[in-house]
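A.B. asks: Structure file input.txt (compact mmCIF, C-alpha atoms) right here:
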```txt
# COMPACT_ATOMS: atom_id res chain seq x y z
CA MET A 1 -12.52 -64.36 22.39
CA GLY A 2 -13.24 -65.65 18.89
CA GLY A 3 -16.30 -65.87 16.69
CA CYS A 4 -19.05 -63.31 16.46
CA CYS A 5 -22.06 -62.49 18.60
CA ILE A 6 -25.51 -63.09 17.08
CA TYR A 7 -28.95 -61.80 17.89
CA SER A 8 -31.53 -64.06 19.48
CA GLY A 9 -34.65 -62.14 20.40
CA ASN A 10 -33.42 -59.22 22.51
CA TYR A 11 -30.23 -60.95 23.53
CA LEU A 12 -26.67 -61.04 22.33
CA ILE A 13 -25.18 -64.51 22.29
CA PRO A 14 -21.41 -64.32 22.84
CA PRO A 15 -18.94 -66.48 20.91
CA HIS A 16 -18.68 -70.15 21.82
CA ASP A 17 -15.53 -69.74 23.90
CA GLU A 18 -17.17 -67.13 26.14
CA LYS A 19 -19.26 -68.34 29.07
CA LEU A 20 -22.56 -69.73 27.83
CA THR A 21 -24.52 -66.76 29.11
CA GLU A 22 -26.96 -64.48 27.36
CA TYR A 23 -26.20 -60.79 27.65
CA LYS A 24 -29.36 -58.72 27.63
CA VAL A 25 -29.43 -55.73 25.29
CA THR A 26 -31.89 -53.05 26.34
CA MET A 27 -33.05 -52.50 22.76
CA LYS A 28 -32.09 -53.03 19.13
CA ALA A 29 -31.07 -49.53 18.15
CA ILE A 30 -30.69 -50.48 14.49
CA GLU A 31 -31.72 -53.51 12.43
CA TRP A 32 -31.29 -54.61 8.83
CA LEU A 33 -34.60 -55.94 7.47
CA ASN A 34 -33.38 -56.82 3.96
CA ASP A 35 -35.33 -54.14 2.10
CA ARG A 36 -35.26 -51.45 4.79
CA VAL A 37 -33.50 -50.34 7.97
CA ARG A 38 -35.34 -50.01 11.26
CA ILE A 39 -34.03 -47.65 13.94
CA ILE A 40 -35.29 -46.46 17.26
CA ASP A 41 -35.82 -42.70 16.97
CA GLN A 42 -33.34 -41.36 19.51
CA ALA A 43 -34.70 -37.83 19.10
CA LEU A 44 -37.96 -38.84 20.81
CA LEU A 45 -36.52 -40.77 23.77
CA PRO A 46 -37.18 -41.14 26.64
CA LEU A 47 -40.74 -39.83 26.40
CA GLU A 48 -41.65 -41.87 23.35
CA GLU A 49 -40.21 -45.19 22.17
CA LYS A 50 -40.83 -45.10 18.44
CA TYR A 51 -39.22 -47.13 15.66
CA ILE A 52 -38.72 -45.70 12.18
CA GLU A 53 -38.36 -47.75 9.02
CA LEU A 54 -36.00 -46.22 6.45
CA LYS A 55 -36.54 -47.53 2.95
CA ASP A 56 -33.88 -45.71 0.92
CA TYR A 57 -30.40 -44.31 1.39
CA LEU A 58 -31.54 -40.67 1.48
CA SER A 59 -33.78 -41.47 4.47
CA VAL A 60 -30.81 -43.03 6.26
CA ALA A 61 -28.66 -39.99 5.48
CA ARG A 62 -31.32 -37.66 6.91
CA ALA A 63 -31.64 -39.82 10.02
CA ILE A 64 -27.88 -39.52 10.63
CA LYS A 65 -27.81 -35.77 9.96
CA ASP A 66 -30.86 -35.09 12.15
CA MET A 67 -29.51 -37.35 14.92
CA ASN A 68 -32.39 -39.80 14.87
CA VAL A 69 -29.48 -42.22 14.98
CA ARG A 70 -26.26 -41.05 16.63
CA GLY A 71 -23.09 -42.28 18.32
CA ALA A 72 -19.94 -42.99 16.31
CA PRO A 73 -20.28 -46.79 15.93
CA ALA A 74 -24.03 -46.59 15.30
CA ILE A 75 -23.47 -43.91 12.64
CA GLY A 76 -20.97 -46.20 10.93
CA VAL A 77 -23.44 -49.09 10.96
CA ALA A 78 -26.28 -46.88 9.73
CA ALA A 79 -24.11 -45.62 6.87
CA ALA A 80 -23.26 -49.19 5.89
CA PHE A 81 -26.94 -50.09 5.79
CA GLY A 82 -27.72 -46.90 3.89
CA ILE A 83 -25.19 -47.88 1.24
CA ALA A 84 -26.68 -51.38 1.18
CA LEU A 85 -30.12 -49.88 0.45
CA GLY A 86 -28.62 -47.78 -2.31
CA VAL A 87 -26.98 -50.88 -3.76
CA LYS A 88 -30.24 -52.83 -3.74
CA ASP A 89 -32.05 -49.94 -5.47
CA ASN A 90 -29.38 -49.73 -8.18
CA LYS A 91 -30.99 -51.52 -11.16
CA THR A 92 -28.18 -51.34 -13.72
CA SER A 93 -26.12 -54.40 -14.63
CA ASP A 94 -23.37 -52.31 -16.22
CA TYR A 95 -20.43 -52.03 -13.80
CA SER A 96 -19.36 -48.52 -14.85
CA LYS A 97 -22.89 -47.14 -14.45
CA PHE A 98 -23.32 -49.06 -11.20
CA LEU A 99 -20.11 -47.54 -9.82
CA VAL A 100 -21.23 -43.99 -10.64
CA GLU A 101 -24.48 -44.45 -8.72
CA PHE A 102 -22.73 -46.33 -5.92
CA ASN A 103 -20.22 -43.52 -5.39
CA LYS A 104 -23.07 -41.01 -5.28
CA VAL A 105 -24.70 -43.01 -2.49
CA ALA A 106 -21.43 -43.46 -0.59
CA ASP A 107 -20.53 -39.77 -0.86
CA THR A 108 -23.98 -38.79 0.39
CA MET A 109 -23.38 -40.87 3.50
CA ALA A 110 -19.93 -39.37 4.02
CA ALA A 111 -21.37 -35.85 3.91
CA THR A 112 -23.83 -36.35 6.77
CA ARG A 113 -21.58 -35.56 9.76
CA PRO A 114 -17.89 -34.60 9.91
CA THR A 115 -16.46 -35.78 13.23
CA ALA A 116 -17.21 -39.48 13.85
CA VAL A 117 -14.47 -41.45 12.09
CA ASN A 118 -16.49 -44.70 11.95
CA LEU A 119 -18.63 -43.12 9.24
CA PHE A 120 -15.68 -42.48 6.94
CA LYS A 121 -14.10 -45.85 7.62
CA THR A 122 -17.35 -47.54 6.66
CA VAL A 123 -17.63 -45.57 3.42
CA ASP A 124 -14.00 -46.26 2.56
CA ARG A 125 -14.41 -49.97 3.31
CA MET A 126 -17.46 -50.25 1.07
CA LYS A 127 -15.75 -48.29 -1.72
CA LYS A 128 -12.73 -50.56 -1.62
CA LEU A 129 -14.97 -53.62 -1.87
CA ALA A 130 -16.85 -52.09 -4.81
CA ALA A 131 -13.55 -51.80 -6.67
CA THR A 132 -12.69 -55.49 -6.36
CA ILE A 133 -15.18 -57.14 -8.69
CA GLU A 134 -17.07 -56.08 -11.83
CA ASP A 135 -19.77 -58.75 -11.71
CA VAL A 136 -22.63 -56.47 -10.61
CA PRO A 137 -25.07 -59.07 -9.21
CA GLN A 138 -22.30 -60.70 -7.19
CA LEU A 139 -20.95 -57.32 -6.09
CA LYS A 140 -24.36 -56.20 -4.86
CA LYS A 141 -24.64 -59.28 -2.67
CA LEU A 142 -21.12 -58.80 -1.35
CA LEU A 143 -21.81 -55.18 -0.43
CA VAL A 144 -25.00 -56.03 1.46
CA ASP A 145 -23.18 -58.86 3.26
CA GLU A 146 -20.37 -56.45 4.14
CA ALA A 147 -22.81 -54.02 5.73
CA ILE A 148 -24.23 -56.80 7.89
CA LYS A 149 -20.69 -57.86 8.76
CA ILE A 150 -19.83 -54.32 9.89
CA HIS A 151 -22.79 -54.42 12.27
CA MET A 152 -21.82 -57.82 13.65
CA GLU A 153 -18.25 -56.64 14.21
CA GLU A 154 -19.48 -53.69 16.26
CA ILE A 155 -21.67 -55.99 18.34
CA GLU A 156 -18.76 -58.28 19.09
CA SER A 157 -16.29 -55.49 19.80
CA THR A 158 -18.62 -53.73 22.24
CA LEU A 159 -19.12 -56.92 24.22
CA LYS A 160 -15.36 -57.35 24.44
CA ILE A 161 -14.91 -53.72 25.50
CA SER A 162 -17.52 -54.19 28.20
CA ARG A 163 -15.82 -57.31 29.52
CA PHE A 164 -12.34 -55.73 29.56
CA GLY A 165 -13.56 -52.48 31.04
CA SER A 166 -15.45 -54.17 33.84
CA GLU A 167 -12.09 -55.38 35.16
CA LEU A 168 -11.35 -51.75 36.11
CA ILE A 169 -14.56 -51.42 38.11
CA LYS A 170 -14.45 -52.39 41.77
CA ASP A 171 -17.43 -53.39 43.86
CA GLY A 172 -19.04 -50.25 45.28
CA PHE A 173 -17.71 -47.87 42.62
CA ALA A 174 -19.58 -44.69 41.73
CA ILE A 175 -18.93 -43.89 38.07
CA LEU A 176 -19.47 -40.59 36.30
CA THR A 177 -20.21 -40.53 32.57
CA HIS A 178 -20.81 -37.83 29.99
CA CYS A 179 -23.06 -37.98 26.92
CA ASN A 180 -24.25 -41.44 25.83
CA ALA A 181 -22.29 -44.56 24.91
CA GLY A 182 -24.70 -47.45 25.35
CA PRO A 183 -26.52 -49.73 22.90
CA LEU A 184 -28.19 -46.70 21.29
CA ALA A 185 -24.87 -45.13 20.35
CA THR A 186 -23.00 -48.28 19.41
CA ALA A 187 -25.57 -50.53 17.70
CA GLY A 188 -24.30 -53.26 20.02
CA TYR A 189 -23.79 -53.86 23.73
CA GLY A 190 -22.39 -50.42 24.50
CA THR A 191 -18.94 -49.01 25.23
CA ALA A 192 -18.85 -46.79 28.33
CA LEU A 193 -22.35 -47.86 29.39
CA GLY A 194 -21.67 -51.42 28.28
CA ILE A 195 -18.91 -51.60 30.89
CA MET A 196 -21.30 -50.44 33.60
CA ILE A 197 -24.07 -52.80 32.51
CA TYR A 198 -21.64 -55.73 32.28
CA ALA A 199 -20.22 -55.00 35.76
CA HIS A 200 -23.72 -54.74 37.20
CA GLU A 201 -24.87 -57.97 35.56
CA HIS A 202 -21.84 -59.74 37.00
CA GLY A 203 -22.70 -58.84 40.57
CA LYS A 204 -20.75 -55.65 41.22
CA LYS A 205 -22.66 -53.09 43.26
CA ILE A 206 -22.12 -49.90 41.28
CA SER A 207 -23.89 -46.60 40.80
CA VAL A 208 -23.68 -44.01 38.06
CA PHE A 209 -23.80 -40.23 37.86
CA ALA A 210 -24.95 -39.19 34.39
CA ASP A 211 -24.21 -35.65 33.18
CA GLU A 212 -27.22 -34.18 31.38
CA THR A 213 -24.86 -33.26 28.50
CA ARG A 214 -26.12 -29.98 27.13
CA PRO A 215 -27.17 -28.79 24.65
CA ARG A 216 -29.04 -31.86 23.33
CA CYS A 217 -29.14 -33.57 26.74
CA GLN A 218 -28.17 -37.06 25.55
CA GLY A 219 -27.21 -37.91 29.13
CA ALA A 220 -30.58 -36.92 30.53
CA LYS A 221 -32.62 -38.35 27.68
CA LEU A 222 -30.68 -41.45 26.68
CA THR A 223 -28.04 -42.51 29.24
CA VAL A 224 -30.38 -42.42 32.22
CA TRP A 225 -33.06 -44.26 30.27
CA GLU A 226 -30.69 -46.99 29.08
CA LEU A 227 -29.28 -47.58 32.55
CA GLN A 228 -32.80 -47.71 33.98
CA GLN A 229 -33.70 -50.31 31.36
CA ALA A 230 -30.73 -52.37 32.58
CA ASN A 231 -31.59 -51.78 36.29
CA VAL A 232 -28.27 -50.02 36.95
CA PRO A 233 -28.62 -47.43 39.76
CA VAL A 234 -28.23 -43.98 38.18
CA LYS A 235 -28.61 -40.36 39.23
CA LEU A 236 -28.91 -37.46 36.79
CA ILE A 237 -26.78 -34.36 37.38
CA THR A 238 -26.34 -31.11 35.48
CA ASP A 239 -23.00 -30.76 33.73
CA ASN A 240 -21.72 -28.16 36.19
CA MET A 241 -22.25 -30.47 39.18
CA ALA A 242 -19.49 -32.89 38.17
CA GLY A 243 -16.68 -30.93 39.85
CA TYR A 244 -18.57 -30.68 43.13
CA LEU A 245 -19.16 -34.44 43.22
CA MET A 246 -15.54 -35.22 42.38
CA HIS A 247 -14.17 -32.82 44.99
CA SER A 248 -16.59 -34.31 47.55
CA GLY A 249 -15.08 -37.76 47.04
CA LYS A 250 -18.27 -39.20 45.58
CA VAL A 251 -16.80 -40.32 42.22
CA ASN A 252 -14.40 -43.26 41.86
CA CYS A 253 -13.82 -43.05 38.12
CA VAL A 254 -15.05 -41.48 34.89
CA ILE A 255 -15.86 -43.50 31.78
CA VAL A 256 -16.82 -41.91 28.46
CA GLY A 257 -17.04 -42.98 24.84
CA ALA A 258 -15.31 -41.47 21.81
CA ASP A 259 -16.12 -40.33 18.27
CA ARG A 260 -12.54 -40.15 16.99
CA ILE A 261 -9.15 -40.95 18.50
CA ALA A 262 -5.87 -39.64 17.06
CA ARG A 263 -2.66 -41.69 16.88
CA ASN A 264 -1.33 -40.11 20.07
CA GLY A 265 -4.52 -40.86 22.04
CA ASP A 266 -6.13 -37.42 21.86
CA THR A 267 -9.85 -38.09 21.86
CA ALA A 268 -12.86 -36.26 20.42
CA ASN A 269 -16.09 -36.79 22.28
CA LYS A 270 -19.26 -34.85 23.00
CA ILE A 271 -18.73 -31.23 24.01
CA GLY A 272 -17.97 -30.96 27.72
CA THR A 273 -15.85 -34.12 27.89
CA TYR A 274 -12.63 -32.10 28.05
CA SER A 275 -13.92 -30.18 31.08
CA VAL A 276 -14.78 -33.45 32.85
CA ALA A 277 -11.31 -34.82 32.09
CA VAL A 278 -9.59 -31.75 33.55
CA LEU A 279 -11.73 -32.00 36.69
CA ALA A 280 -10.89 -35.69 37.02
CA LYS A 281 -7.16 -34.95 36.72
CA GLU A 282 -7.40 -32.21 39.35
CA ASN A 283 -9.13 -34.61 41.76
CA ASN A 284 -6.89 -37.65 41.03
CA ILE A 285 -9.77 -39.65 39.58
CA PRO A 286 -9.13 -42.15 36.74
CA PHE A 287 -10.53 -41.00 33.41
CA TYR A 288 -11.22 -43.85 30.98
CA VAL A 289 -12.22 -43.75 27.32
CA ALA A 290 -14.09 -46.80 25.99
CA ALA A 291 -14.18 -47.18 22.22
CA PRO A 292 -13.71 -49.78 19.49
CA THR A 293 -10.53 -49.62 17.42
CA SER A 294 -12.75 -48.56 14.52
CA THR A 295 -12.80 -45.17 16.28
CA ILE A 296 -9.01 -44.77 16.03
CA ASP A 297 -8.04 -42.57 13.09
CA THR A 298 -4.49 -43.55 12.15
CA SER A 299 -4.36 -40.81 9.51
CA ILE A 300 -4.11 -38.01 12.08
CA ALA A 301 -1.27 -37.50 14.54
CA THR A 302 -3.06 -35.39 17.16
CA GLY A 303 -6.48 -34.13 18.09
CA ASP A 304 -5.68 -30.75 16.54
CA GLU A 305 -6.47 -32.32 13.16
CA ILE A 306 -9.98 -33.44 14.13
CA ILE A 307 -12.76 -31.50 12.42
CA ILE A 308 -15.26 -30.29 15.01
CA GLU A 309 -18.86 -30.18 13.87
CA GLU A 310 -20.67 -26.88 14.42
CA ARG A 311 -24.41 -27.41 14.84
CA ASN A 312 -27.57 -25.31 14.69
CA ALA A 313 -27.86 -22.40 17.14
CA GLU A 314 -31.37 -23.50 18.13
CA GLU A 315 -29.88 -26.46 20.02
CA VAL A 316 -28.56 -23.86 22.49
CA THR A 317 -31.31 -21.22 22.40
CA HIS A 318 -34.11 -23.79 22.69
CA ILE A 319 -34.85 -26.90 24.76
CA ASN A 320 -37.29 -29.35 23.16
CA GLY A 321 -38.43 -26.60 20.82
CA VAL A 322 -39.05 -24.06 23.60
CA ARG A 323 -37.00 -20.87 23.43
CA ILE A 324 -34.93 -20.12 26.56
CA ALA A 325 -32.79 -17.26 25.19
CA SER A 326 -33.89 -13.89 23.82
CA GLU A 327 -34.41 -13.36 20.10
CA GLY A 328 -31.21 -12.48 18.24
CA THR A 329 -28.88 -14.12 20.77
CA GLU A 330 -25.59 -15.06 19.10
CA VAL A 331 -24.46 -18.63 19.65
CA ILE A 332 -21.50 -20.88 19.11
CA ASN A 333 -22.37 -24.57 19.18
CA PRO A 334 -19.45 -26.97 18.71
CA ALA A 335 -20.79 -30.51 19.03
CA PHE A 336 -17.50 -32.01 20.24
CA ASP A 337 -14.28 -31.14 22.01
CA VAL A 338 -10.90 -32.87 22.17
CA THR A 339 -9.42 -34.29 25.36
CA PRO A 340 -5.60 -34.36 25.17
CA HIS A 341 -4.14 -37.80 25.85
CA ARG A 342 -2.36 -36.60 28.99
CA TYR A 343 -5.73 -36.49 30.78
CA ILE A 344 -6.68 -40.05 29.80
CA THR A 345 -5.79 -42.85 32.21
CA ALA A 346 -6.49 -45.66 29.73
CA ILE A 347 -8.36 -46.40 26.52
CA ILE A 348 -10.48 -49.54 26.61
CA THR A 349 -10.85 -51.30 23.26
CA GLU A 350 -11.97 -54.73 22.09
CA LYS A 351 -8.28 -55.68 22.01
CA GLY A 352 -7.75 -54.84 25.66
CA ILE A 353 -6.92 -51.96 28.00
CA ILE A 354 -4.36 -49.63 26.42
CA ARG A 355 -2.24 -47.25 28.47
CA LYS A 356 0.34 -44.59 27.56
CA PRO A 357 2.10 -44.30 25.19
CA TYR A 358 -1.05 -44.83 23.16
CA LYS A 359 0.64 -44.85 19.76
CA GLU A 360 2.58 -47.96 20.78
CA GLY A 361 -0.49 -49.51 22.36
CA PHE A 362 -2.43 -49.00 19.14
CA GLY A 363 0.33 -50.86 17.29
CA ILE A 364 0.97 -47.90 14.99
```
Please render this file's structure as structure tokens.

C.D. replies:
Amino acid sequence: MGGCCIYSGNYLIPPHDEKLTEYKVTMKAIEWLNDRVRIIDQALLPLEEKYIELKDYLSVARAIKDMNVRGAPAIGVAAAFGIALGVKDNKTSDYSKFLVEFNKVADTMAATRPTAVNLFKTVDRMKKLAATIEDVPQLKKLLVDEAIKIHMEEIESTLKISRFGSELIKDGFAILTHCNAGPLATAGYGTALGIMIYAHEHGKKISVFADETRPRCQGAKLTVWELQQANVPVKLITDNMAGYLMHSGKVNCVIVGADRIARNGDTANKIGTYSVAVLAKENNIPFYVAAPTSTIDTSIATGDEIIIEERNAEEVTHINGVRIASEGTEVINPAFDVTPHRYITAIITEKGIIRKPYKEGFGI
């Protein structure tokens, strides 16, 4: 599939060689508005649908750190737009001075969150471009254009992932998913959820079990809401119900997203994904990871090298600001875990469905 998808209202228009169909996107999770970035505040969903306009790079950095925008591809896109805002606010015409300020902006973006590789690839890509030309006015335009291009690439890749992944879904399938990997997390059509939405829109009768995904409950707050917006039948379950449903024969496959994938196929995703993968293996259920190739980190050999973000204890001791644990309770709160590649049936990318050995499939 060639070309690039474009926005038209709330729809994604696929490239010209795809069927002339409009694929509905439930919402625009992030938009570039030339002098600002508009995001839907994911921290308020599903009870409140509020859009925030971010007018400088520090606001974008805070939105990433505070998880107003989240999901590996969406973080990468947000960082690109944050850098673009920083570029537009840089008033100097001297290349050396411009580069100092530019690097400050880029490094601020890189420091927001440590696990999602898309963030660092975006920063590196923008830095490499900044080193190619010393004509500041031209460079500023090129950097803004590059940020928009990064967003368009994610849109196109998620549509391809959804199309490829839907080939694995049979009519009548019940799919279990963990965390959130829809338009909100990808700034496009969606990865794991995109596959489900695509299959549903193309006439397959499917249903979804969505893990609540403690401690921030992205499954309960975001996944269920997105699937409801797309009219995909979905039922919410607590994380510890997944094994019961699998053992009862009620789950046909598992599909999750990814924040970073090592060369051997080990995959970092939201905490609890590893447990779901082990349960799927025990019950002979296919476990699929859906992610763009921008999520593959070719610099690391295995998942042991992935830095796992440790987040605030209040995410565990509180729910929506209400304390549920006694004062002084000690907490560990890793935001991600790593699923070894042996538990993964296939990795679905925009280039196709990749099976073991993953290193060869990645073309590394």

A.B. asks: Need the shell around Ala187 in chain A: protein/DNA/RNA residues with any atom at most 9 Å away, counting all atoms listed in the file. Skip same-chain ones fewer than 5 positions apart. Format as a VMD selection string?

C.D. replies: chain A and resid 28 to 31 71 73 to 75 77 to 78 151 154 to 155 158 182

A.B. asks: Of the candidates A:Ala325, A:Ala290, A:Ala230, A:Met241, which shows the shortest atom-to-atom distance to Thr349 in chain A, using all atoms listed in the file?

C.D. replies: A:Ala290

A.B. asks: Would you kindly identify which residues have an atom no farther than 12 Å from (-13.8, -47.6, -1.1), using all atoms listed in the file and the file's own coordinates, and write them out as a PDB file with C-alpha atoms, keeping the file's coordinate frame?

C.D. replies:
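Ended up saving to result.pdb:
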```
ATOM      1  CA  ALA A  80     -23.260 -49.190   5.890  1.00  0.00           C
ATOM      2  CA  ILE A  83     -25.190 -47.880   1.240  1.00  0.00           C
ATOM      3  CA  LEU A  99     -20.110 -47.540  -9.820  1.00  0.00           C
ATOM      4  CA  PHE A 102     -22.730 -46.330  -5.920  1.00  0.00           C
ATOM      5  CA  ASN A 103     -20.220 -43.520  -5.390  1.00  0.00           C
ATOM      6  CA  VAL A 105     -24.700 -43.010  -2.490  1.00  0.00           C
ATOM      7  CA  ALA A 106     -21.430 -43.460  -0.590  1.00  0.00           C
ATOM      8  CA  ASP A 107     -20.530 -39.770  -0.860  1.00  0.00           C
ATOM      9  CA  ALA A 110     -19.930 -39.370   4.020  1.00  0.00           C
ATOM     10  CA  PHE A 120     -15.680 -42.480   6.940  1.00  0.00           C
ATOM     11  CA  LYS A 121     -14.100 -45.850   7.620  1.00  0.00           C
ATOM     12  CA  THR A 122     -17.350 -47.540   6.660  1.00  0.00           C
ATOM     13  CA  VAL A 123     -17.630 -45.570   3.420  1.00  0.00           C
ATOM     14  CA  ASP A 124     -14.000 -46.260   2.560  1.00  0.00           C
ATOM     15  CA  ARG A 125     -14.410 -49.970   3.310  1.00  0.00           C
ATOM     16  CA  MET A 126     -17.460 -50.250   1.070  1.00  0.00           C
ATOM     17  CA  LYS A 127     -15.750 -48.290  -1.720  1.00  0.00           C
ATOM     18  CA  LYS A 128     -12.730 -50.560  -1.620  1.00  0.00           C
ATOM     19  CA  LEU A 129     -14.970 -53.620  -1.870  1.00  0.00           C
ATOM     20  CA  ALA A 130     -16.850 -52.090  -4.810  1.00  0.00           C
ATOM     21  CA  ALA A 131     -13.550 -51.800  -6.670  1.00  0.00           C
ATOM     22  CA  THR A 132     -12.690 -55.490  -6.360  1.00  0.00           C
ATOM     23  CA  LEU A 143     -21.810 -55.180  -0.430  1.00  0.00           C
TER      24      LEU A 143
END
```

A.B. asks: Restricting the calculation to all atoms listed in the file: of A:Lys170, A:Lys270, A:Lys65, A:Lys221, which residue gets closest to Lys204 in chain A?

C.D. replies: A:Lys170

A.B. asks: Between CA of Lys50 in chain A and CA of Leu33 in chain A, what is the spacing in Å?

C.D. replies: 16.6 Å

A.B. asks: What are the closest atom pairs, with distances in Å to one decimal, for each residue of range 206-274 of chain A lying within 10 Å of range 294-299 of chain A, using only C-alpha atoms, rows by chain and rising residue number, as CSV?

C.D. replies:
```
residue,atom,partner,partner_atom,distance
A:Gly257,CA,A:Thr295,CA,9.8
A:Ala258,CA,A:Thr295,CA,7.1
A:Asp259,CA,A:Thr295,CA,6.2
A:Arg260,CA,A:Thr295,CA,5.1
A:Ile261,CA,A:Ile296,CA,4.6
A:Ala262,CA,A:Asp297,CA,5.4
A:Arg263,CA,A:Thr298,CA,5.4
A:Asn264,CA,A:Thr298,CA,9.2
A:Gly265,CA,A:Ile296,CA,8.5
A:Asp266,CA,A:Ile296,CA,9.8
A:Thr267,CA,A:Ile296,CA,8.9
A:Ala268,CA,A:Thr295,CA,9.8
```

A.B. asks: Can you write out the residues you just picked, keeping C-alpha atoms, as a compact mmCIF listing (two decimals), in the coordinates of the input?

C.D. replies:
```
# COMPACT_ATOMS: atom_id res chain seq x y z
CA GLY A 257 -17.04 -42.98 24.84
CA ALA A 258 -15.31 -41.47 21.81
CA ASP A 259 -16.12 -40.33 18.27
CA ARG A 260 -12.54 -40.15 16.99
CA ILE A 261 -9.15 -40.95 18.50
CA ALA A 262 -5.87 -39.64 17.06
CA ARG A 263 -2.66 -41.69 16.88
CA ASN A 264 -1.33 -40.11 20.07
CA GLY A 265 -4.52 -40.86 22.04
CA ASP A 266 -6.13 -37.42 21.86
CA THR A 267 -9.85 -38.09 21.86
CA ALA A 268 -12.86 -36.26 20.42
```

A.B. asks: Restricting the calculation to all atoms listed in the file: of A:Leu44, A:Ile344, A:Ile39, A:Ile364, which residue gets closest to Gly82 in chain A?

C.D. replies: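 Counting all atoms listed in the file, the residue closest to Gly82 in chain A is A:Ile39.
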
A.B. asks: If you count all atoms listed in the file, which residues fall within 6 Å of Glu310 in chain A, apart from same-chain ones fewer than 2 positions away, as a PyMOL selection string?

C.D. replies: chain A and resi 333-335

A.B. asks: Set the distance at 8 Å and use all atoms listed in the file: which residues neighbour range 173-176 of chain A once local chain neighbours fewer than 2 positions away are removed? I'd like the list as a ChimeraX atom specification.

C.D. replies: /A:169-171,178,205-211,242,250-255

A.B. asks: Just checking: using all atoms listed in the file, which residue out of A:Ile64, A:Thr191, A:Arg214, A:Met246 ends up closest to Ser157 in chain A?

C.D. replies: A:Thr191

A.B. asks: If you count only C-alpha atoms, which residues fall within 12 Å of Glu134 in chain A, apart from same-chain ones fewer than 4 positions away, as a PyMOL selection string?

C.D. replies: chain A and resi 93-99+129-130+138-140+142

A.B. asks: Return the single residue from A:Ala277, A:Asn180, A:Arg38, A:Lys359 that is closest to Ala301 in chain A, with distances computed using all atoms listed in the file.

C.D. replies: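 So, comparing all the options, the nearest one is A:Lys359.
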
A.B. asks: Of the residues A:Asn68, A:Ser59, A:Asn320, A:Thr115, which is the one nearest to Ile308 in chain A, using all atoms listed in the file?

C.D. replies: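 Among the listed residues, the smallest separation from Ile308 in chain A belongs to A:Thr115.
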
A.B. asks: Report, in Å with one decimal, the straight-line distance from CA of Pro286 in chain A to CA of Arg216 in chain A.

C.D. replies: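 For CA of Pro286 in chain A relative to CA of Arg216 in chain A, the distance reads 26.1 Å.
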
A.B. asks: Record the distance separating CA of Gly203 in chain A and CA of Cys179 in chain A, expressed in Å with one decimal.

C.D. replies: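 Separation of CA of Gly203 in chain A and CA of Cys179 in chain A: 24.9 Å.
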
A.B. asks: Might you pull out every residue within 8 Å of Gly272 in chain A, with all atoms listed in the file counted and same-chain residues fewer than 3 positions away left off, and present them as a list of chain:residue names?

C.D. replies: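 That gives A:His178, A:Thr213, A:Asp239, A:Ser275, A:Val276, A:Phe336, A:Asp337.
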
A.B. asks: Around all the atoms of range 316-324 of chain A listed in the file, draw an axis-aligned box and extend it by 8 Å on each of the six sides; I want its centre and edge lengths in Å to one decimal, as JSON.

C.D. replies:
```
{"center_x": -33.8, "center_y": -24.7, "center_z": 23.7, "size_x": 26.5, "size_y": 25.2, "size_z": 21.7}
```

A.B. asks: Kindly add N, CA and C atoms to the incomplete range 183-192 of chain A and provide the output as a compact mmCIF listing (two decimals), in the coordinates of the input.

C.D. replies:
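Output below, filename selection_15.txt:
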```txt
# COMPACT_ATOMS: atom_id res chain seq x y z
N PRO A 183 -26.04 -49.06 24.11
CA PRO A 183 -26.52 -49.73 22.90
C PRO A 183 -27.05 -48.76 21.83
N LEU A 184 -27.67 -47.67 22.25
CA LEU A 184 -28.19 -46.70 21.29
C LEU A 184 -27.09 -46.11 20.43
N ALA A 185 -25.96 -45.81 21.04
CA ALA A 185 -24.87 -45.13 20.35
C ALA A 185 -23.94 -46.07 19.61
N THR A 186 -24.00 -47.35 19.95
CA THR A 186 -23.00 -48.28 19.41
C THR A 186 -23.58 -49.36 18.51
N ALA A 187 -24.90 -49.47 18.48
CA ALA A 187 -25.57 -50.53 17.70
C ALA A 187 -25.17 -51.91 18.20
N GLY A 188 -24.71 -51.99 19.43
CA GLY A 188 -24.30 -53.26 20.02
C GLY A 188 -24.60 -53.29 21.50
N TYR A 189 -23.61 -53.71 22.30
CA TYR A 189 -23.79 -53.86 23.73
C TYR A 189 -23.54 -52.55 24.48
N GLY A 190 -22.77 -51.67 23.86
CA GLY A 190 -22.39 -50.42 24.50
C GLY A 190 -20.91 -50.38 24.78
N THR A 191 -20.35 -49.17 24.88
CA THR A 191 -18.94 -49.01 25.23
C THR A 191 -18.85 -48.56 26.70
N ALA A 192 -18.90 -47.26 26.95
CA ALA A 192 -18.85 -46.79 28.33
C ALA A 192 -19.99 -47.38 29.16
```
